[in-house]
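**Q** One structure is given below, represented as structure tokens, and several questions about it will come after.
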Amino acid sequence: MADQESEYIYLPETTPHLATILSFPSHSSTFPALYDKTCAEIVELAATIAHFEPVRLHVRPEDQAHAQNLVNNRMVQAPPSEQSRITLIPAPTNHIWVRDTGPMYVRSTKNPTERHAIDFRFCEWGNSLGELIFNDSPDKKGAMRDGSDWPILDAGRRAENTAFAQRVLELEGAGVPRVVSKVRLEGGGIEMDGEGTFMAMESSVTVDSRNEGISKEAIEDELRRLLGVKKFIWIPGREGLDITDYHIDAEARFIRPGVVVVGKPHRKCKKVFWDVYREMRDILDVTIDAQGRKLEVIDIEEPDPELLQGDVPGEETDVAASYVNFYFTNGGLVIPAFGDVEMDRRALETLQKLVPEREVRQVAVNALPRTGGVLHCTTQQVL
């Protein structure tokens with residue numbers, strides 16, 4: 001079969017952004033004991049990104065006043081030039097993980113100035129509805145201050161999640177055409193360098209939970225068409241290891257074309273994480289990218305997981321503590337700090353050396369990794 005010709009081209013995250021999309025935590029998909037801390041971390045992330053570029057913070061209408069109050073209190077500390085950069089947008093949003101639910105902006109190959117956006121038809125990470133976050137976990141029962149049950153992510157809310165990418169484009173009001181993908185996946189499950197090289201875990205893309213009945217060859221053809229992929233790098237991953245089936249953006253990222261940073265498990269991490277890491281290194285260490293370059297691969301060791309682990313029923317038992325889950329902004333790089341002072345410092349120094357032309361800022365997080373993600377998972381660039 002001849003390779004599918006590209007209709008669209010993915011631009012790297014380092015491309016200048018019009019704005020960054022974020023989502024304010026929804027009661028229906030946030031553990032009650034972590035809700036306030038999650039809200040605070042999202043607002044802190046918004047304020048940090050606002051140092052570099054505008055932020056579009058999507059908020060459920062019923063949470064608008066609370067979100068605005070948190071933003072006002074945080075931004076009063078910011079320089080006047082940054083105080084107006086966070087815009088709250090009423091929207092039917094539930095998950096904070098807009099990397100997965102939101103649209104992915106691309107350009108037409110026929111007209112490089114023509115904006116389009118891919119809708120990968122979010123399906124709750126392959127219909128992973130068995131997770132406690134979707135049910136009446138012990139943490140949710142009676143957790144409301146008025147004694148009522150905590151709302152759950154029911155079918156209506158899940159439909160809102162699938163429709164979120166389309167709704168974002170409608171709210172943007174810029175007439176960006178929506179391109180519906182034949183392949184279902186999440187933005188955090190794929191990584192590209194902007195020069196035709198693509199990385200992903202097979203466990204979160206070429207699996208029946210997302211793409212039953214679609215061959216790997218057909219998936220690659222569709223991704224060539226949508227993203228301009230010239231070289232695929234597939235890593236096995238582990239289906240079921242976490243709710244995402246092991247997204248690549250917590251494991252390996254392009255710091256620039258030809259250079260990949262990899263999250264190296266902490267010595268206290270489980271054997272399975274070391275197994276995946278070694279498989280990934282074995283592949284990346286011998287890979288040639290789309291431009292014929294041998295990849296340079298750099299490890300960034302993860303923090304001590306015992307310093308992040310909580311005791312909330314239903315939260316992730318393995319925290320998502322990866323420094324490579326960073327986010328490029330206009331002129332900057334925003335990276336997580338987890339509270340492991342030594343490892344936080346090492347990650348900062350390593351990334352500063354890799355991007356000396358950028359201002360690197362750290363955002364302290366604890367609730368986010370305890371619920372399954374970090375900074376890249378919660379952001380989506382508008383191009």
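Labels for the structure tokens follow display order: chains A, B, ..., residues from 1 in each chain, ligands from 1.
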Give me the residues near region 178-184 of chain A as a ChimeraX atom specification, where near means some atom within 10 Å (using only C-alpha atoms) and where sequence neighbours in that chain fewer than 6 positions away do not count.
**A** /A:8,103-106,115-123,125-126,165-166,169-170,204-207,209-212,214,218-223,225-226
**Q** Atoms to include: N, CA and C atoms. Write the selected residues as a short mmCIF file (atom, residue, chain, number, x, y, z; two decimals), in the first residue's frame.
**A**
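Written output follows (out-v3.cif):
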data_model
loop_
_atom_site.label_atom_id
_atom_site.label_comp_id
_atom_site.auth_asym_id
_atom_site.auth_seq_id
_atom_site.Cartn_x
_atom_site.Cartn_y
_atom_site.Cartn_z
N TYR A 8 -2.27 17.70 6.19
CA TYR A 8 -2.01 18.67 7.25
C TYR A 8 -0.61 18.42 7.81
N PRO A 103 -8.57 20.13 21.15
CA PRO A 103 -8.17 20.01 19.74
C PRO A 103 -6.66 20.13 19.57
N MET A 104 -6.14 19.55 18.51
CA MET A 104 -4.72 19.68 18.18
C MET A 104 -4.60 20.53 16.91
N TYR A 105 -3.98 21.67 17.03
CA TYR A 105 -3.91 22.62 15.91
C TYR A 105 -2.81 22.23 14.93
N VAL A 106 -3.16 22.29 13.64
CA VAL A 106 -2.24 21.94 12.56
C VAL A 106 -2.40 22.97 11.44
N ARG A 115 -5.19 27.55 9.16
CA ARG A 115 -5.29 26.81 10.42
C ARG A 115 -6.39 25.76 10.35
N HIS A 116 -6.10 24.60 10.93
CA HIS A 116 -7.08 23.54 11.12
C HIS A 116 -6.85 22.97 12.51
N ALA A 117 -7.78 22.14 12.97
CA ALA A 117 -7.62 21.50 14.28
C ALA A 117 -8.16 20.08 14.22
N ILE A 118 -7.35 19.14 14.73
CA ILE A 118 -7.73 17.73 14.71
C ILE A 118 -8.54 17.40 15.97
N ASP A 119 -9.64 16.71 15.77
CA ASP A 119 -10.44 16.18 16.87
C ASP A 119 -10.26 14.67 16.87
N PHE A 120 -9.55 14.17 17.88
CA PHE A 120 -9.28 12.73 17.97
C PHE A 120 -10.38 11.96 18.69
N ARG A 121 -11.50 12.61 18.95
CA ARG A 121 -12.71 11.97 19.48
C ARG A 121 -12.43 11.25 20.81
N PHE A 122 -12.09 12.03 21.80
CA PHE A 122 -11.74 11.50 23.12
C PHE A 122 -12.76 10.48 23.60
N CYS A 123 -12.27 9.34 24.09
CA CYS A 123 -13.15 8.25 24.52
C CYS A 123 -12.78 7.73 25.91
N TRP A 125 -9.95 7.54 27.48
CA TRP A 125 -8.75 6.69 27.47
C TRP A 125 -9.13 5.23 27.17
N GLY A 126 -9.85 5.05 26.08
CA GLY A 126 -10.25 3.70 25.71
C GLY A 126 -11.34 3.15 26.59
N ALA A 165 -13.39 19.09 22.33
CA ALA A 165 -12.54 19.65 21.28
C ALA A 165 -13.36 20.51 20.32
N GLN A 166 -14.51 20.01 19.91
CA GLN A 166 -15.38 20.77 19.03
C GLN A 166 -15.88 22.04 19.70
N LEU A 169 -13.29 24.88 19.77
CA LEU A 169 -13.18 25.57 18.49
C LEU A 169 -14.35 26.52 18.27
N GLU A 170 -15.53 26.12 18.68
CA GLU A 170 -16.69 27.00 18.56
C GLU A 170 -16.51 28.24 19.43
N SER A 204 -1.17 2.62 23.89
CA SER A 204 -2.22 3.64 24.00
C SER A 204 -2.72 4.13 22.64
N VAL A 205 -2.30 3.48 21.56
CA VAL A 205 -2.75 3.89 20.22
C VAL A 205 -3.23 2.69 19.41
N THR A 206 -2.37 1.73 19.18
CA THR A 206 -2.70 0.60 18.29
C THR A 206 -3.34 -0.53 19.08
N VAL A 207 -4.41 -0.19 19.80
CA VAL A 207 -5.07 -1.15 20.69
C VAL A 207 -6.57 -1.12 20.43
N SER A 209 -8.99 -0.94 22.45
CA SER A 209 -9.76 -0.01 23.28
C SER A 209 -9.96 1.34 22.59
N ARG A 210 -9.04 1.70 21.69
CA ARG A 210 -9.20 2.93 20.91
C ARG A 210 -9.61 2.64 19.47
N ASN A 211 -8.96 1.66 18.87
CA ASN A 211 -9.06 1.51 17.41
C ASN A 211 -9.31 0.06 17.00
N GLU A 212 -10.34 -0.52 17.56
CA GLU A 212 -10.68 -1.90 17.24
C GLU A 212 -11.00 -2.04 15.75
N ILE A 214 -8.99 -1.59 13.28
CA ILE A 214 -8.14 -0.76 12.42
C ILE A 214 -6.71 -1.27 12.53
N ALA A 218 -3.12 1.05 8.76
CA ALA A 218 -4.16 2.04 8.52
C ALA A 218 -4.05 3.20 9.50
N ILE A 219 -3.69 2.90 10.75
CA ILE A 219 -3.48 3.96 11.73
C ILE A 219 -2.35 4.88 11.28
N GLU A 220 -1.25 4.28 10.82
CA GLU A 220 -0.12 5.08 10.34
C GLU A 220 -0.53 5.94 9.14
N ASP A 221 -1.31 5.39 8.23
CA ASP A 221 -1.75 6.16 7.07
C ASP A 221 -2.57 7.38 7.50
N GLU A 222 -3.46 7.18 8.47
CA GLU A 222 -4.27 8.31 8.93
C GLU A 222 -3.41 9.37 9.62
N LEU A 223 -2.42 8.95 10.38
CA LEU A 223 -1.56 9.90 11.07
C LEU A 223 -0.62 10.62 10.10
N ARG A 225 -1.61 11.44 7.12
CA ARG A 225 -2.54 12.41 6.52
C ARG A 225 -2.77 13.61 7.44
N LEU A 226 -2.96 13.34 8.72
CA LEU A 226 -3.34 14.39 9.66
C LEU A 226 -2.17 15.21 10.19
#
**Q** Would you mind listing what lies within 9 Å of Asp344 (chain A) as a PyMOL selection string, with only C-alpha atoms counted and same-chain residues fewer than 6 positions away left out?
**A** chain A and resi 302-303+323+336-338+362
**Q** For region 213-296 of chain A against region 326-329 of chain A, with a cut-off of 10 Å and counting only C-alpha atoms, what is the closest atom pair and its distance in Å to one decimal for every residue that makes the cut, ordered by chain and number, as JSON lines?
**A**
{"residue": "A:Asp249", "atom": "CA", "partner": "A:Phe326", "partner_atom": "CA", "distance": 8.6}
{"residue": "A:Ala250", "atom": "CA", "partner": "A:Phe326", "partner_atom": "CA", "distance": 8.8}
{"residue": "A:Arg253", "atom": "CA", "partner": "A:Phe326", "partner_atom": "CA", "distance": 8.8}
{"residue": "A:Ile255", "atom": "CA", "partner": "A:Phe328", "partner_atom": "CA", "distance": 9.3}
**Q** Using only C-alpha atoms, can you tell me which of A:Leu241, A:Met199, A:Val43, A:Leu333 comes closest to Thr287 (chain A)?
**A** A:Met199
**Q** Looking only at helix (DSSP H, G or I) from DSSP on the backbone, list the matching residues of region 24-250 of chain A as a ChimeraX atom specification.
**A** /A:27-29,32-50,61-75,80-83,98-101,124-127,132-134,155-172,187-189,202-204,208-211,216-227,248-250
**Q** So, counting only C-alpha atoms, which residue among A:Ser203, A:Thr20, A:Thr317, A:Gln309 is closest to Arg238 (chain A)?
**A** A:Ser203
**Q** Would you mind reading off the distance between CA of Leu22 (chain A) and CA of Pro92 (chain A), one decimal, in Å?
**A** 12.8 Å
**Q** Using CA of Ile152 (chain A) and CA of Ala321 (chain A) as the two end points, give the distance in Å to one decimal.
**A**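 Distance between the two atoms: 26.2 Å.
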**Q** Enumerate, as a PyMOL selection string, the complete set of residues in region 36-206 of chain A that a backbone-based DSSP assignment places in strand (DSSP E).
**A** chain A and resi 55-59+86-90+104-108+115-119+178-180+190-192+197-201
**Q** Those residues with N, CA and C atoms, as a short mmCIF file (atom, residue, chain, number, x, y, z; two decimals), in the first residue's frame please?
**A**
data_model
loop_
_atom_site.label_atom_id
_atom_site.label_comp_id
_atom_site.auth_asym_id
_atom_site.auth_seq_id
_atom_site.Cartn_x
_atom_site.Cartn_y
_atom_site.Cartn_z
N VAL A 55 -3.62 32.95 28.39
CA VAL A 55 -4.16 31.68 28.86
C VAL A 55 -5.68 31.71 28.74
N ARG A 56 -6.25 30.65 28.17
CA ARG A 56 -7.70 30.49 28.09
C ARG A 56 -8.10 29.38 29.05
N LEU A 57 -8.64 29.78 30.19
CA LEU A 57 -9.00 28.83 31.24
C LEU A 57 -10.49 28.50 31.13
N HIS A 58 -10.78 27.28 30.68
CA HIS A 58 -12.16 26.86 30.51
C HIS A 58 -12.73 26.40 31.86
N VAL A 59 -13.93 26.88 32.17
CA VAL A 59 -14.52 26.67 33.49
C VAL A 59 -16.01 26.36 33.33
N ILE A 86 -5.05 36.06 31.66
CA ILE A 86 -5.85 34.86 31.92
C ILE A 86 -7.32 35.20 31.68
N THR A 87 -7.90 34.53 30.72
CA THR A 87 -9.32 34.72 30.39
C THR A 87 -10.10 33.48 30.77
N LEU A 88 -11.13 33.66 31.58
CA LEU A 88 -12.00 32.54 31.94
C LEU A 88 -13.09 32.39 30.89
N ILE A 89 -13.27 31.17 30.41
CA ILE A 89 -14.23 30.88 29.35
C ILE A 89 -15.25 29.87 29.86
N PRO A 90 -16.52 30.25 29.98
CA PRO A 90 -17.54 29.27 30.40
C PRO A 90 -17.65 28.16 29.36
N MET A 104 -6.14 19.55 18.51
CA MET A 104 -4.72 19.68 18.18
C MET A 104 -4.60 20.53 16.91
N TYR A 105 -3.98 21.67 17.03
CA TYR A 105 -3.91 22.62 15.91
C TYR A 105 -2.81 22.23 14.93
N VAL A 106 -3.16 22.29 13.64
CA VAL A 106 -2.24 21.94 12.56
C VAL A 106 -2.40 22.97 11.44
N ARG A 107 -1.60 22.80 10.39
CA ARG A 107 -1.69 23.67 9.22
C ARG A 107 -1.96 22.83 7.97
N SER A 108 -2.54 23.45 6.97
CA SER A 108 -2.76 22.80 5.68
C SER A 108 -1.43 22.69 4.94
N ARG A 115 -5.19 27.55 9.16
CA ARG A 115 -5.29 26.81 10.42
C ARG A 115 -6.39 25.76 10.35
N HIS A 116 -6.10 24.60 10.93
CA HIS A 116 -7.08 23.54 11.12
C HIS A 116 -6.85 22.97 12.51
N ALA A 117 -7.78 22.14 12.97
CA ALA A 117 -7.62 21.50 14.28
C ALA A 117 -8.16 20.08 14.22
N ILE A 118 -7.35 19.14 14.73
CA ILE A 118 -7.73 17.73 14.71
C ILE A 118 -8.54 17.40 15.97
N ASP A 119 -9.64 16.71 15.77
CA ASP A 119 -10.44 16.18 16.87
C ASP A 119 -10.26 14.67 16.87
N ARG A 178 -12.66 22.12 11.83
CA ARG A 178 -12.44 20.93 12.65
C ARG A 178 -12.28 19.73 11.73
N VAL A 179 -11.20 18.98 11.93
CA VAL A 179 -10.92 17.78 11.15
C VAL A 179 -11.11 16.58 12.05
N VAL A 180 -12.08 15.75 11.77
CA VAL A 180 -12.38 14.60 12.62
C VAL A 180 -11.50 13.42 12.19
N ILE A 190 0.89 10.88 21.97
CA ILE A 190 1.77 11.02 20.81
C ILE A 190 2.73 12.17 21.02
N GLU A 191 3.90 12.07 20.43
CA GLU A 191 4.95 13.08 20.55
C GLU A 191 5.62 13.24 19.20
N MET A 192 5.80 14.49 18.74
CA MET A 192 6.38 14.76 17.43
C MET A 192 7.40 15.88 17.50
N THR A 197 9.10 13.34 12.57
CA THR A 197 9.34 12.19 13.43
C THR A 197 8.27 12.11 14.52
N PHE A 198 7.73 10.91 14.70
CA PHE A 198 6.61 10.64 15.60
C PHE A 198 7.02 9.55 16.59
N MET A 199 6.65 9.73 17.87
CA MET A 199 6.87 8.71 18.89
C MET A 199 5.56 8.41 19.61
N ALA A 200 5.34 7.16 19.94
CA ALA A 200 4.16 6.78 20.72
C ALA A 200 4.36 5.41 21.31
N MET A 201 3.60 5.14 22.38
CA MET A 201 3.49 3.80 22.93
C MET A 201 2.38 3.07 22.17
#
**Q** Could you work out how far CA of Gly339 (chain A) lies from CA of Ala364 (chain A), giving the answer in Å with one decimal?
**A**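 About the pair CA of Ala364 (chain A) and CA of Gly339 (chain A): they are 7.3 Å apart.
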**Q** Which of these, A:Gly373, A:Asn111, A:Val334, A:Asp193, has the shortest distance to Thr48 (chain A) once you count only C-alpha atoms?
**A**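 Comparing A:Gly373, A:Asn111, A:Val334, A:Asp193 against Thr48 (chain A), the winner is A:Val334.
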**Q** Neighbouring residues of Gly258 (chain A) were defined as those with any atom within 10 Å, considering only C-alpha atoms; residues of the same chain fewer than 6 positions away were excluded. Please report them as a list in words.
**A**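 Near neighbours after the sequence-gap exclusion: Asp193, Glu195, Thr197, Ile288, Asp289, Ala290, Gln291, Gly292, Arg293, Lys294, Leu295, Glu296 and Val297 of chain A.
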**Q** Residues near Val324 (chain A), anyone? I mean within 7 Å using only C-alpha atoms, not counting same-chain ones fewer than 5 positions away, as a ChimeraX atom specification.
**A** /A:250-253,261-263
**Q** What lies within 12 Å of Glu349 (chain A) using only C-alpha atoms, ignoring chain neighbours under 3 positions off, as a list of chain:residue names?
**A**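 Answer for this query is A:Ile300, A:Tyr323, A:Ile335, A:Glu342, A:Met343, A:Asp344, A:Arg345, A:Arg346, A:Gln352, A:Lys353, A:Leu354, A:Val355, A:Pro356, A:Glu359, A:Val360, A:Arg361, A:Gln362.
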